[in-house]
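Undergrad: Dumping the structure here so I can ask a few things about it.
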Amino acid sequence: MHSALGALRRGVGVLALLARLALPALLGLIAGCATPFNEPPGALRDAVASRLGAPTARFPLPSGGERWLYSELPAGYAVYNLDFDPAGRLVHNEQVLNQPRFEQLSKGAWTTADLQRTFGTPLRIERVARFDGDIWTYHFLQNSDPRLAHIHVDPQGVVRRVTFTDELPLFDNDRD
């Protein structure tokens with residue numbers, strides 16, 4: 001506190017002083033934020049749970065391991081898949097809401113169960129007149145631009161098509 005008063009007496013501006021005091025606190029806060037992205041390979045399942053809390057969903061993997069899905073939807077733009085081996089060690093960590101990942105969907109083979117296991121619950125599920133089935137919509141960021149992936153699922157629950165659009169900002173038309 002004495003150094004802060006001394007800085008003010010030496011002519012250091014109030015804003016500069018606040019920036020000096022706030023920056024270490026902000027950096028400490030950021031460093032203390034646990035995110036799925038920061039989980040290293042080999043991390044133990046119990047340690048991950050203690051840092052991140054319960055996952056949004058859990059799915060068994062064919063290898064005998066387990067996938068933990070952490071979703072930021074509906075407000076965020078990321079879904080993380082953390083895959084653990086049968087011994088409970090993290091072997092794969094991936095943020096899956098991105099255009100290349102959606103483009104890799106195997107049309108005619110992927111099902112709603114595959115979508116749930118990979119991307120989690122969609123932002124919305126809709127129907128349109130020109131397609132007999134549901135359209136699962138996820139939003140994601142591409143080069144900081146908000147985009148939408150529309151996954152067309154037929155009545156049998158099989159992925160038939162994937163299209164992309166830009167996510168338009170919400171406007172308050174009452175103010176125009």
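Identifiers in the structure tokens: chain A, B, ... in order shown; residue index from 1 per chain; ligand index from 1 in order shown.
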Give me the residues within 6 Å of Pro146 in chain A as a list in words, counting only C-alpha atoms and dropping any in the same chain fewer than 3 places off.
TA: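 Selected residues are Phe140, Leu141 and Glu167 of chain A.
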Undergrad: Using only C-alpha atoms, which protein or nucleic acid residues come within 9 Å of range 115-120 of chain A? Drop anything in the same chain fewer than 6 positions from it, and give the result as a count of residues only.
TA: 16
Undergrad: Would you please work out which residue, of A:Ser106, A:Thr121, A:Asn98, A:Ser63, is nearest to Ser144 in chain A when using only C-alpha atoms?
TA: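 Ranked by minimum distance to Ser144 in chain A, first place goes to A:Asn98.
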Undergrad: Identify which of the residues A:Asn143, A:Thr163, A:Asn93, A:Thr137 lies closest to Lys107 in chain A, counting only C-alpha atoms when measuring atom-to-atom distances.
TA: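 Of the candidates, the smallest distance to Lys107 in chain A is held by A:Thr163.
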Undergrad: When you draw a straight line from CA of Trp136 in chain A to CA of Thr35 in chain A, how long is it in Å?
TA: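 We find that CA of Trp136 in chain A and CA of Thr35 in chain A lie 25.9 Å from each other.
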Undergrad: Using only C-alpha atoms, which residue out of A:Gly65, A:Pro41, A:Pro36, A:Gly133 lies closest to His152 in chain A?
TA: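 Among the listed residues, A:Gly133 lies closest to His152 in chain A.
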Undergrad: Ranking A:Asp46, A:Asp83, A:Glu39, A:Asp134 by minimum distance to Pro60 in chain A and counting only C-alpha atoms, which one comes first?
TA: A:Asp83
Undergrad: From a backbone DSSP assignment, name each residue in range 22-113 of chain A labelled strand (DSSP E or B), as a list in words.
TA: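 Reading the DSSP output for range 22-113 of chain A, strand (DSSP E or B) covers Leu44, Ala57, Arg58, Phe59, Pro60, Glu66, Arg67, Trp68, Leu69, Tyr70, Ser71, Val79, Tyr80, Asn81, Leu82, Asp83, Phe84, Arg89, Leu90, Val91, His92, Asn93, Glu94, Gln95 and Thr111 of chain A.
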Undergrad: In Å, how far is it from CA of Ala49 in chain A to CA of His92 in chain A?
TA: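 One can read the CA of Ala49 in chain A to CA of His92 in chain A distance as 15.5 Å.
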Undergrad: Write out as a list in words all residues of range 62-121 of chain A that backbone DSSP assigns to helix (DSSP H, G or I).
TA: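 In range 62-121 of chain A, DSSP puts these residues in helix (DSSP H, G or I): Gln99, Pro100, Arg101, Phe102, Glu103, Thr112, Ala113, Asp114, Leu115, Gln116, Arg117, Thr118 and Phe119 of chain A.
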Undergrad: Quick one: pull the distance between CA of Trp110 in chain A and CA of Pro155 in chain A, Å, one decimal.
TA: 13.2 Å
